[in-house]
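Reading through the structure tokens given below for one structure.
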Amino acid sequence: ICPLVMKVLFIIGFLFALTVAEWEVKLVIDDFKTAVEPLFVSSQDSPVELSVSSSEGSEIIGSERNVYLESSDSIGFSIADGMMMMELKESSGVILQYDGIDGSNYLSRFNAIDLRANGAQAFLFLLTSDAYYNYPRTYDELLGSFDLYVYSLSGRCRYHQSVNFVSEPTYITDFDSFYGDCDFSAVTAIELEIAINTSAEFGGLYLTSFATVGTAETLTIKSTRGGVKVLPYSATTTVAELIEMIMADTGLTRREIQLDYKGKKLVDGTMEDYRIKQGSTLRFTRHIYLKSPKATTATVTNRNNENNS
């Protein structure tokens with residue numbers, strides 16, 4: 001991987017970690033691990049479509065990604081290392097289509113998927129540019145837009161947003177912000193369209209981390225000494241797993257850690273067993289065990305025996 005891409009990946013990873021601190025990934029739409037060799041398109045070749053099936057170890061919803069390019073100039077893109085790199089120019093655009101395995105950009109449909117499952121509330125993706133990383137003082141604005149289309153059994157809906165590629169690169173689009181008639185609990189296809197409206201030569205665009213997200217489910221662990229720790233929550237998380245998290249964070253041994261919920265000592269089982277919901281607060285008490293003093297041996301002398309001897 002070239003140094004520039006390494007730098008971009010590092011910054012993207014850092015931004016993504018900050019962004020999702022209050023969010024939790026529910027469903028990966030595309031992890032961009034199914035690689036695509038660099039493809040360059042001239043205005044004579046436009047439009048061009050390319051279909052790529054997911055490879056082993058990667059995730060693409062519907063198992064296929066269709067890419068559609070259109071431009072009045074030479075453009076190109078490649079996909080590798082969890083990122084889609086695009087070289088777009090004015091009046092050019094790219095469409096990513098997820099509609100199941102059909103081998104073309106003609107809209108097909110995969111089996112209906114519930115995008116609201118597990119508490120998902122929004123789409124999240126990072127759309128960044130060379131201008132953001134390398135030329136923030138050169139450009140005040142690099143304008144474009146993106147459109148998200150969701151198709152369901154009941155109809156289609158759309159979300160549109162104008163974009164300044166020099167500004168904050170993370171986009172979270174709430175399901176409730178879409179216009180149209182679609183059912184997010186029975187989705188059959190998704191399209192993401194990115195367009196460039198600027199004539200400036202600013203290098204490339206980078207797309208990564210396309211997923212659905214929901215509010216992160218957590219538990220609060222409050223120490224009797226005043227410390228507070230927030231840990232991930234799941235109804236199937238066991239008491240033993242929570243204790244192991246606290247051990248890793250504090251360096252304490254299992255024997256020193258005692259958890260209580262509403263006055264009840266947690267011994268074994270899951271959060272669901274104890275009717276502990278996400279957002280609950282558990283009490284953490286540290287047990288201090290004192291070592292028993294070493295036994296001492298005393299010699300008792302019988303003075304009477306000494307006197308008689």
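Convention: chains lettered A, B, ... in structure tokens order; per-chain residue numbering from 1; ligands numbered from 1 as shown.
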As a PyMOL selection string, please: every residue in region 58-234 of chain A that a backbone DSSP assignment puts in strand (DSSP E).
chain A and resi 64-70+75-80+83-87+93-98+122-129+143-152+155-164+170-174+179-180+187-196+205-215+218-223+228-232
Name all residues at most 7 Å from Val239 (chain A) (count only C-alpha atoms; drop same-chain ones fewer than 2 positions away) and give them as a list of chain:residue names.
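The residues that qualify are A:Thr237, A:Glu241, A:Leu242, A:Ile243, A:Leu266, A:Val267, A:Asp268, A:Gly269, A:Thr270.
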The selected residues should be written to file as a CSV table (one decimal), in the first residue's frame (atoms: C-alpha atoms).
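Now in out_32.csv:
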```
chain,number,residue,atom,x,y,z
A,237,THR,CA,-23.6,-11.1,27.9
A,241,GLU,CA,-17.7,-11.9,30.6
A,242,LEU,CA,-18.4,-8.7,32.4
A,243,ILE,CA,-15.9,-9.6,35.1
A,266,LEU,CA,-24.5,-11.4,40.4
A,267,VAL,CA,-23.0,-14.9,40.4
A,268,ASP,CA,-23.6,-16.6,37.1
A,269,GLY,CA,-25.9,-16.4,34.1
A,270,THR,CA,-26.7,-13.6,31.5
```
From the list A:Ser54, A:Ser154, A:Thr173, A:Thr253, which residue is nearest Val187 (chain A) when using only C-alpha atoms?
A:Ser154
Contacts of Gly214 (chain A) at 9 Å (only C-alpha atoms; same-chain gap of 2+ positions) as a PyMOL selection string
chain A and resi 22-26+116+118-123+212+216-217
The selected residues should be written to file as a compact mmCIF listing (two decimals), in the first residue's frame (atoms: N, CA, C and O atoms).
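Full text of selection_3.txt as output:
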```txt
# COMPACT_ATOMS: atom_id res chain seq x y z
N GLU A 22 -20.72 6.75 19.88
CA GLU A 22 -22.08 6.68 20.39
C GLU A 22 -22.98 5.82 19.52
O GLU A 22 -24.18 5.74 19.74
N TRP A 23 -22.39 5.21 18.50
CA TRP A 23 -23.15 4.38 17.57
C TRP A 23 -22.55 2.99 17.52
O TRP A 23 -21.40 2.78 17.84
N GLU A 24 -23.36 2.06 17.06
CA GLU A 24 -22.94 0.68 16.96
C GLU A 24 -23.35 0.14 15.60
O GLU A 24 -24.50 0.32 15.18
N VAL A 25 -22.40 -0.48 14.89
CA VAL A 25 -22.71 -1.03 13.57
C VAL A 25 -23.67 -2.21 13.73
O VAL A 25 -23.43 -3.13 14.52
N LYS A 26 -24.76 -2.18 12.99
CA LYS A 26 -25.77 -3.23 13.05
C LYS A 26 -25.69 -4.17 11.85
O LYS A 26 -25.87 -5.38 11.99
N ARG A 116 -34.02 -2.32 9.98
CA ARG A 116 -34.22 -1.82 11.35
C ARG A 116 -33.89 -2.88 12.40
O ARG A 116 -33.99 -2.60 13.60
N ASN A 118 -32.17 -5.24 15.07
CA ASN A 118 -31.16 -4.99 16.11
C ASN A 118 -31.05 -3.51 16.49
O ASN A 118 -30.02 -3.07 16.99
N GLY A 119 -32.12 -2.76 16.22
CA GLY A 119 -32.13 -1.36 16.65
C GLY A 119 -31.45 -0.40 15.70
O GLY A 119 -31.13 0.74 16.08
N ALA A 120 -31.22 -0.79 14.43
CA ALA A 120 -30.60 0.12 13.46
C ALA A 120 -31.51 1.32 13.21
O ALA A 120 -32.72 1.18 13.10
N GLN A 121 -30.90 2.50 13.10
CA GLN A 121 -31.66 3.74 12.93
C GLN A 121 -31.22 4.57 11.73
O GLN A 121 -31.92 5.49 11.32
N ALA A 122 -30.03 4.27 11.18
CA ALA A 122 -29.47 5.15 10.16
C ALA A 122 -28.41 4.42 9.33
O ALA A 122 -27.91 3.36 9.71
N PHE A 123 -28.09 5.02 8.17
CA PHE A 123 -26.92 4.61 7.39
C PHE A 123 -25.73 5.43 7.87
O PHE A 123 -25.87 6.59 8.25
N THR A 212 -25.30 0.08 8.35
CA THR A 212 -26.38 0.64 9.16
C THR A 212 -25.89 0.68 10.60
O THR A 212 -25.10 -0.17 11.04
N ALA A 216 -25.47 2.88 20.41
CA ALA A 216 -24.72 1.82 21.08
C ALA A 216 -25.39 1.44 22.40
O ALA A 216 -25.79 2.31 23.18
N GLU A 217 -25.55 0.15 22.63
CA GLU A 217 -26.14 -0.35 23.86
C GLU A 217 -25.03 -0.58 24.88
O GLU A 217 -24.05 -1.27 24.59
```
Please report as a Markdown table every residue of region 87-193 of chain A lying within 6 Å of region 55-66 of chain A, along with the nearest atom pair and their distance in Å (one decimal), using only C-alpha atoms.
```
| residue | atom | partner | partner_atom | distance |
| --- | --- | --- | --- | --- |
| A:Leu96 | CA | A:Asn66 | CA | 5.7 |
| A:Gln97 | CA | A:Asn66 | CA | 4.9 |
| A:Tyr98 | CA | A:Arg65 | CA | 5.4 |
| A:Gly100 | CA | A:Gly62 | CA | 4.2 |
| A:Ile101 | CA | A:Glu64 | CA | 5.4 |
| A:Asn105 | CA | A:Asn66 | CA | 5.8 |
| A:Phe110 | CA | A:Gly62 | CA | 6.0 |
```
Let me see the file: selected residues, C-alpha atoms, as a PDB file, in the first residue's frame.
```pdb
ATOM      1  CA  LEU A  96     -23.159   1.858  -6.247  1.00  0.00           C
ATOM      2  CA  GLN A  97     -26.075  -0.516  -6.484  1.00  0.00           C
ATOM      3  CA  TYR A  98     -26.919  -3.399  -4.145  1.00  0.00           C
ATOM      4  CA  GLY A 100     -28.699  -9.050  -5.362  1.00  0.00           C
ATOM      5  CA  ILE A 101     -26.829 -11.154  -7.920  1.00  0.00           C
ATOM      6  CA  ASN A 105     -27.000  -2.218 -13.120  1.00  0.00           C
ATOM      7  CA  PHE A 110     -32.783  -9.402  -3.309  1.00  0.00           C
TER       8      PHE A 110
END
```
Can you work out which one of A:Ser162, A:Thr170, A:Thr236, A:Ser51 has the shortest atom-to-atom distance to Val36 (chain A), counting only C-alpha atoms?
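Ranking A:Ser162, A:Thr170, A:Thr236, A:Ser51 by distance to Val36 (chain A), first place goes to A:Ser51.
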All residues 9 Å or closer to Gly279 (chain A), only C-alpha atoms, same chain fewer than 2 positions away omitted, as a PyMOL selection string:
chain A and resi 217-220+233+276-277+281
Those residues with all heavy atoms, as a PDB file, in the first residue's frame please?
```pdb
ATOM      1  N   GLU A 217     -25.549   0.153  22.625  1.00  0.00           N
ATOM      2  CA  GLU A 217     -26.142  -0.349  23.863  1.00  0.00           C
ATOM      3  C   GLU A 217     -25.028  -0.576  24.878  1.00  0.00           C
ATOM      4  O   GLU A 217     -24.050  -1.269  24.595  1.00  0.00           O
ATOM      5  CB  GLU A 217     -26.911  -1.640  23.600  1.00  0.00           C
ATOM      6  CG  GLU A 217     -28.102  -1.434  22.672  1.00  0.00           C
ATOM      7  CD  GLU A 217     -28.945  -2.694  22.528  1.00  0.00           C
ATOM      8  OE1 GLU A 217     -28.415  -3.791  22.763  1.00  0.00           O
ATOM      9  OE2 GLU A 217     -30.132  -2.561  22.193  1.00  0.00           O
ATOM     10  N   THR A 218     -25.197   0.024  26.045  1.00  0.00           N
ATOM     11  CA  THR A 218     -24.127  -0.025  27.044  1.00  0.00           C
ATOM     12  C   THR A 218     -24.677  -0.305  28.441  1.00  0.00           C
ATOM     13  O   THR A 218     -25.874  -0.177  28.700  1.00  0.00           O
ATOM     14  CB  THR A 218     -23.362   1.312  27.091  1.00  0.00           C
ATOM     15  OG1 THR A 218     -24.284   2.372  27.419  1.00  0.00           O
ATOM     16  CG2 THR A 218     -22.694   1.605  25.765  1.00  0.00           C
ATOM     17  N   LEU A 219     -23.756  -0.670  29.296  1.00  0.00           N
ATOM     18  CA  LEU A 219     -24.003  -0.802  30.732  1.00  0.00           C
ATOM     19  C   LEU A 219     -23.043   0.132  31.452  1.00  0.00           C
ATOM     20  O   LEU A 219     -21.917   0.341  31.005  1.00  0.00           O
ATOM     21  CB  LEU A 219     -23.721  -2.230  31.205  1.00  0.00           C
ATOM     22  CG  LEU A 219     -24.787  -3.302  31.027  1.00  0.00           C
ATOM     23  CD1 LEU A 219     -24.209  -4.644  31.460  1.00  0.00           C
ATOM     24  CD2 LEU A 219     -26.028  -2.990  31.829  1.00  0.00           C
ATOM     25  N   THR A 220     -23.483   0.683  32.567  1.00  0.00           N
ATOM     26  CA  THR A 220     -22.598   1.502  33.395  1.00  0.00           C
ATOM     27  C   THR A 220     -22.202   0.708  34.626  1.00  0.00           C
ATOM     28  O   THR A 220     -23.063   0.175  35.331  1.00  0.00           O
ATOM     29  CB  THR A 220     -23.284   2.807  33.818  1.00  0.00           C
ATOM     30  OG1 THR A 220     -23.650   3.547  32.651  1.00  0.00           O
ATOM     31  CG2 THR A 220     -22.363   3.651  34.687  1.00  0.00           C
ATOM     32  N   TYR A 233     -23.190  -3.572  25.953  1.00  0.00           N
ATOM     33  CA  TYR A 233     -24.278  -4.392  26.504  1.00  0.00           C
ATOM     34  C   TYR A 233     -24.840  -5.336  25.459  1.00  0.00           C
ATOM     35  O   TYR A 233     -24.986  -4.989  24.282  1.00  0.00           O
ATOM     36  CB  TYR A 233     -25.413  -3.508  27.014  1.00  0.00           C
ATOM     37  CG  TYR A 233     -26.670  -4.293  27.324  1.00  0.00           C
ATOM     38  CD1 TYR A 233     -26.829  -4.916  28.558  1.00  0.00           C
ATOM     39  CD2 TYR A 233     -27.682  -4.433  26.376  1.00  0.00           C
ATOM     40  CE1 TYR A 233     -27.972  -5.652  28.842  1.00  0.00           C
ATOM     41  CE2 TYR A 233     -28.822  -5.176  26.656  1.00  0.00           C
ATOM     42  CZ  TYR A 233     -28.966  -5.780  27.889  1.00  0.00           C
ATOM     43  OH  TYR A 233     -30.085  -6.529  28.162  1.00  0.00           O
ATOM     44  N   ILE A 276     -31.613  -7.471  33.422  1.00  0.00           N
ATOM     45  CA  ILE A 276     -30.822  -6.247  33.305  1.00  0.00           C
ATOM     46  C   ILE A 276     -30.943  -5.732  31.877  1.00  0.00           C
ATOM     47  O   ILE A 276     -30.623  -6.434  30.921  1.00  0.00           O
ATOM     48  CB  ILE A 276     -29.346  -6.506  33.653  1.00  0.00           C
ATOM     49  CG1 ILE A 276     -29.232  -6.982  35.107  1.00  0.00           C
ATOM     50  CG2 ILE A 276     -28.508  -5.258  33.430  1.00  0.00           C
ATOM     51  CD1 ILE A 276     -27.837  -7.430  35.495  1.00  0.00           C
ATOM     52  N   LYS A 277     -31.439  -4.494  31.718  1.00  0.00           N
ATOM     53  CA  LYS A 277     -31.638  -3.893  30.414  1.00  0.00           C
ATOM     54  C   LYS A 277     -30.451  -3.005  30.053  1.00  0.00           C
ATOM     55  O   LYS A 277     -29.657  -2.605  30.918  1.00  0.00           O
ATOM     56  CB  LYS A 277     -32.927  -3.055  30.402  1.00  0.00           C
ATOM     57  CG  LYS A 277     -34.176  -3.812  30.843  1.00  0.00           C
ATOM     58  CD  LYS A 277     -34.556  -4.889  29.862  1.00  0.00           C
ATOM     59  CE  LYS A 277     -35.866  -5.551  30.263  1.00  0.00           C
ATOM     60  NZ  LYS A 277     -36.243  -6.644  29.317  1.00  0.00           N
ATOM     61  N   THR A 281     -27.360   0.372  35.485  1.00  0.00           N
ATOM     62  CA  THR A 281     -26.138   0.617  36.242  1.00  0.00           C
ATOM     63  C   THR A 281     -25.911  -0.517  37.236  1.00  0.00           C
ATOM     64  O   THR A 281     -26.801  -0.845  38.025  1.00  0.00           O
ATOM     65  CB  THR A 281     -26.218   1.957  37.007  1.00  0.00           C
ATOM     66  OG1 THR A 281     -26.382   3.023  36.065  1.00  0.00           O
ATOM     67  CG2 THR A 281     -24.950   2.189  37.821  1.00  0.00           C
TER      68      THR A 281
END
```
Expressed in Å to a single decimal, how great is the separation between CA of Thr208 (chain A) and CA of Glu191 (chain A)?
15.0 Å
7 Å contact set for region 126-128 of chain A, only C-alpha atoms, chain neighbours under 5 positions out, as number ranges by chain:
A: 165, 169-171, 205-209
Could you take the residues named above and write them with N, CA and C atoms, as a PDB file, in the first residue's frame?
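Now in selection-v8.pdb:
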```
ATOM      1  N   PHE A 165     -16.615  18.643   0.037  1.00  0.00           N
ATOM      2  CA  PHE A 165     -15.631  17.605   0.291  1.00  0.00           C
ATOM      3  C   PHE A 165     -14.443  18.070   1.124  1.00  0.00           C
ATOM      4  N   PRO A 169     -16.067  14.635   6.997  1.00  0.00           N
ATOM      5  CA  PRO A 169     -16.304  13.589   5.995  1.00  0.00           C
ATOM      6  C   PRO A 169     -17.287  12.495   6.387  1.00  0.00           C
ATOM      7  N   THR A 170     -17.804  12.531   7.587  1.00  0.00           N
ATOM      8  CA  THR A 170     -18.650  11.432   8.044  1.00  0.00           C
ATOM      9  C   THR A 170     -20.118  11.793   7.873  1.00  0.00           C
ATOM     10  N   TYR A 171     -20.893  10.855   7.304  1.00  0.00           N
ATOM     11  CA  TYR A 171     -22.296  11.120   7.046  1.00  0.00           C
ATOM     12  C   TYR A 171     -23.155  10.035   7.690  1.00  0.00           C
ATOM     13  N   LEU A 205     -11.494  10.839  -4.336  1.00  0.00           N
ATOM     14  CA  LEU A 205     -12.470  10.664  -3.270  1.00  0.00           C
ATOM     15  C   LEU A 205     -12.275   9.270  -2.682  1.00  0.00           C
ATOM     16  N   TYR A 206     -12.627   9.128  -1.404  1.00  0.00           N
ATOM     17  CA  TYR A 206     -12.480   7.846  -0.724  1.00  0.00           C
ATOM     18  C   TYR A 206     -13.782   7.515  -0.010  1.00  0.00           C
ATOM     19  N   LEU A 207     -14.287   6.334  -0.274  1.00  0.00           N
ATOM     20  CA  LEU A 207     -15.529   5.885   0.348  1.00  0.00           C
ATOM     21  C   LEU A 207     -15.245   4.636   1.159  1.00  0.00           C
ATOM     22  N   THR A 208     -15.712   4.608   2.388  1.00  0.00           N
ATOM     23  CA  THR A 208     -15.479   3.447   3.239  1.00  0.00           C
ATOM     24  C   THR A 208     -16.551   3.366   4.322  1.00  0.00           C
ATOM     25  N   SER A 209     -16.597   2.210   4.991  1.00  0.00           N
ATOM     26  CA  SER A 209     -17.458   2.009   6.160  1.00  0.00           C
ATOM     27  C   SER A 209     -18.932   2.256   5.872  1.00  0.00           C
TER      28      SER A 209
END
```
To one decimal in Å, tell me the separation between CA of Ser129 (chain A) and CA of Gly204 (chain A).
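One can read the CA of Ser129 (chain A) to CA of Gly204 (chain A) distance as 5.7 Å.
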Name the residues in contact with Arg254 (chain A) at a cut-off of 10 Å, using only C-alpha atoms, excluding same-chain residues fewer than 3 positions from it; report them as a compact mmCIF listing (two decimals) with C-alpha atoms, in the first residue's frame.
```
# COMPACT_ATOMS: atom_id res chain seq x y z
CA ALA A 240 -18.29 -13.95 33.78
CA ILE A 243 -15.94 -9.61 35.11
CA GLU A 244 -13.31 -10.42 32.50
CA ILE A 246 -13.28 -5.35 34.40
CA MET A 247 -10.23 -7.54 35.02
CA GLY A 251 -5.77 -5.55 36.59
CA ILE A 257 -14.51 -8.36 41.84
CA GLN A 258 -18.12 -8.46 43.01
CA ARG A 286 -13.64 -4.64 45.29
CA HIS A 287 -13.06 -7.38 47.80
```
Quick check for you: according to DSSP on this backbone, which residues of region 19-261 of chain A are classed as helix (DSSP H, G or I)? Reply as number ranges by chain.
A: 19-22, 61-63, 117-119, 130-134, 175-177, 239-250, 254-256
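Between Ile221 (chain A) and the residues A:Tyr274, A:Phe175, A:Phe284, A:Tyr159, the shortest atom-to-atom distance, using only C-alpha atoms, involves A:Phe284.
You can rank A:Ser71, A:Thr188, A:Ser177, A:Ser92 by their closest distance to Asp114 (chain A) using only C-alpha atoms, and at the top of that list sits A:Thr188.
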Here is a test: counting only C-alpha atoms, which residue of A:Ala35, A:Ile172, A:Ile190, A:Leu50 is nearest to Ser78 (chain A)?
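Looking at the shortest contact to Ser78 (chain A), the residue is A:Ala35.
Remark: for Leu115 (chain A), the closest of the candidate residues A:Met85, A:Leu27, A:Cys157, A:Val228 is A:Leu27 (distances computed over only C-alpha atoms).
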